[in-house]
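Novice: Here you go, one structure.
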Amino acid sequence: MIGDVVGWLTDPAHWSGVDGIPTHLFEHVWYSLLAVVVAAAIALPLGLLIGHTGRGTFVVAGLANGLRALPTLGLLILFVILLSPHITGTLVYLLPSEIVLVLLAVPPILTSTYAGVQNVPPAVRDAAEGMGMTGFRVLTRVELPCALPLLLSGVRAATLQCIATATVAAYVSLGGFGRYVVDGLAQRDFPQMAAGAVLVAGLALVADALLVLLERLTVSPGVSGRFGEPAGAGGSGRVRGMSRMVQRFLPLRTNLSRQETS
Amino acid sequence: MSATLDYLVRHRGEILGWFGWHAWLSAVPVAIGLALALPLGWWARRSRYARTPLIAAAGVLYTIPSLALFVLLPVVLGTRILDPVNVIAALTVYTVALLVRVVADGLAAVPDDVEQSATAMGYGSLQRLLAVELPIAVPVIVAGLRVAAVSNVSLVSVSALLGVPQLGQLFTNGFQLFRTEPIVLGILGCLLLAAIFDGLIVLAGRLLTPWRSAARVT
């Protein structure tokens, strides 16, 4: 079985043409990248605003947690059925799928952005104001750099979500590596299915590694703690480094931070 | 709306069966995953040499998209490619990957003075783990379990593409019929199931930590 998969992947016939690996790689990257960029354009300003003003966090957190339970496959098919009769041309399947991808990518970026801004220690914010910074400058010069690690972890989660959902979207006739899985299943060609799965997994791992690299390059060493103990944004020592996704569910955390600030 | 209700009434036997399968396919991995993650998380907390590779492996596994894992696991395990066992195995992998880190973090969050008091009172390391450290880590583990259970419900439905019987069948059926009723029912079923799991886990967490609700009253 493993030999068949390797054989499929190394067959030169699968590396060219409209159904070739480079074509589907380009499609998969394009669908995912477009969705993440659009989602970031919506979620970043909104998240920064919510984090800075502290308004609307309850609504946003509830919405994001509810969205986790929404089945992506159901959402995709529902949007295709609802929207495709109103669309003509090549966009008939692409547009509904892209809308779902954006819908799924917004919550992780939004929640991690506002959580990142809110996790900035009040002392740091006070110090910035004491130095004479205005609200906007505090946001862009202090809160944003401190929130960047958390913000980028949200972008990572959104990217993985998009790559995974774009795979599933092959079922509603979208291109990308998911084609191999869906077509392989229809043709009972299991080496093709497994090869598609390997390609998707590889793409997800490479994309994640690239975003980790981006995080390394953009996050200030003073925030990431690569020079000794972190000075800002670390949050409470007891929960620092805990998976951000889990932190939001944790009632303990609010008590802790309240203790620390008082 | 009435068309959706009509569809539900006409297919109620089938849909109820899929609901049961869906509940089973998403709950079993949480149970197995927790059972595996507790010792692994404890190990990651205890030994620095275990922690780095365990957390890294968990991160890599969690990165692999679900459909890919459903297809790849039979190649690794030698099971049939369309066997529902693959879904349980794949979701167990995700649950363990998520919970190892959660358990390690939860144990790390136990205050030092509490551990030292327990040791001073004569607790051995295993006894201290079971009677002191794990109970204190319950809120953190519960938070992780909620994420795992709720995302499992959503991930199970993807396996409809491979023909595994569960609520996701309503999505593929709806696409073939090009009708929204079965899809709306499937989404509502998934949300209902996720809410039930979430409620049960929160309730179990409350029952396991009676001192927290006592503190809440005062």
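Just remember, in the structure tokens the first chain shown is A, the second B, etc., residues are 1-based per chain, and ligands are 1-based in the order shown.
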Write out as a PyMOL selection string which residues come within 7 Å of Ala105 (chain A) when counting only C-alpha atoms, dropping same-chain ones fewer than 3 positions away.
Specialist: chain A and resi 36+39+101-102+108-109+158+161-162
Novice: Considering only C-alpha atoms, return as a PyMOL selection string whatever protein or nucleic-acid residues lie within 12 Å of region 110-112 of chain B, sequence-local ones (same chain, fewer than 3 positions apart) excluded.
Specialist: (chain A and resi 237-239) or (chain B and resi 45+103-107+115-119+128-129+132-140)
Novice: Quick one: residues within 8 Å of Val153 (chain B), only C-alpha atoms, excluding same-chain residues fewer than 3 positions away - as a ChimeraX atom specification?
Specialist: /A:69,71 /B:22-23,26,149-150,156-157,190,193-194
Novice: Determine, counting only C-alpha atoms, which protein, DNA and RNA residues have an atom within 12 Å of an atom of Ser47 (chain B); residues of the same chain fewer than 6 positions away are not included. Present the result as a PyMOL selection string.
Specialist: chain B and resi 40-41+53-54+104+108
Novice: Would you export the selected residues with N, CA and C atoms as a tab-separated table (two decimals), in the first residue's frame, please?
Specialist:
```
chain	number	residue	atom	x	y	z
B	40	LEU	N	0.43	10.35	29.61
B	40	LEU	CA	1.39	11.05	28.74
B	40	LEU	C	1.63	12.48	29.23
B	41	GLY	N	0.55	13.15	29.62
B	41	GLY	CA	0.67	14.52	30.12
B	41	GLY	C	1.47	14.56	31.41
B	53	PRO	N	9.69	16.50	22.89
B	53	PRO	CA	9.21	15.68	21.77
B	53	PRO	C	7.71	15.42	21.83
B	54	LEU	N	7.14	15.24	23.02
B	54	LEU	CA	5.70	14.96	23.11
B	54	LEU	C	4.88	16.14	22.62
B	104	ALA	N	-0.54	18.36	30.93
B	104	ALA	CA	0.76	18.83	31.41
B	104	ALA	C	0.65	20.24	32.00
B	108	ALA	N	1.07	21.45	35.84
B	108	ALA	CA	2.06	22.49	36.12
B	108	ALA	C	1.44	23.66	36.88
```
Novice: From a DSSP pass on the backbone, collect the residues of region 111-140 of chain A flagged as alpha helix (DSSP H) and hand them back as a PyMOL selection string.
Specialist: chain A and resi 111-118+122-130+135-137
Novice: Find, counting only C-alpha atoms, the residue in A:Ala115, A:Ala13, A:Ala197, A:Val38 that gets nearest to Leu152 (chain A).
Specialist: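 Looking at the shortest contact to Leu152 (chain A), the residue is A:Ala115.
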Novice: Any idea what the distance is between CA of His28 (chain A) and CA of Val6 (chain A)?
Specialist: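 Pair CA of His28 (chain A) / CA of Val6 (chain A) returns 21.1 Å.
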Novice: Which of these, A:Val5, A:Leu78, A:Leu33, A:Val59, has the shortest distance to Gly186 (chain B) once you count only C-alpha atoms?
Specialist: A:Leu78
Novice: Leaving out region 71-83 of chain B and any residue of its chain fewer than 6 positions from it, which residues lie within 8 Å of it when counting only C-alpha atoms, given as a PyMOL selection string?
Specialist: (chain A and resi 1-2+193-194+197-198) or (chain B and resi 89-90+162-164)
Novice: Could you list, as an MDAnalysis selection string, every residue within 10 Å of Ala56 (chain B), counting only C-alpha atoms and ignoring same-chain residues fewer than 5 positions away?
Specialist: chainID B and resid 51 61:62 97 101
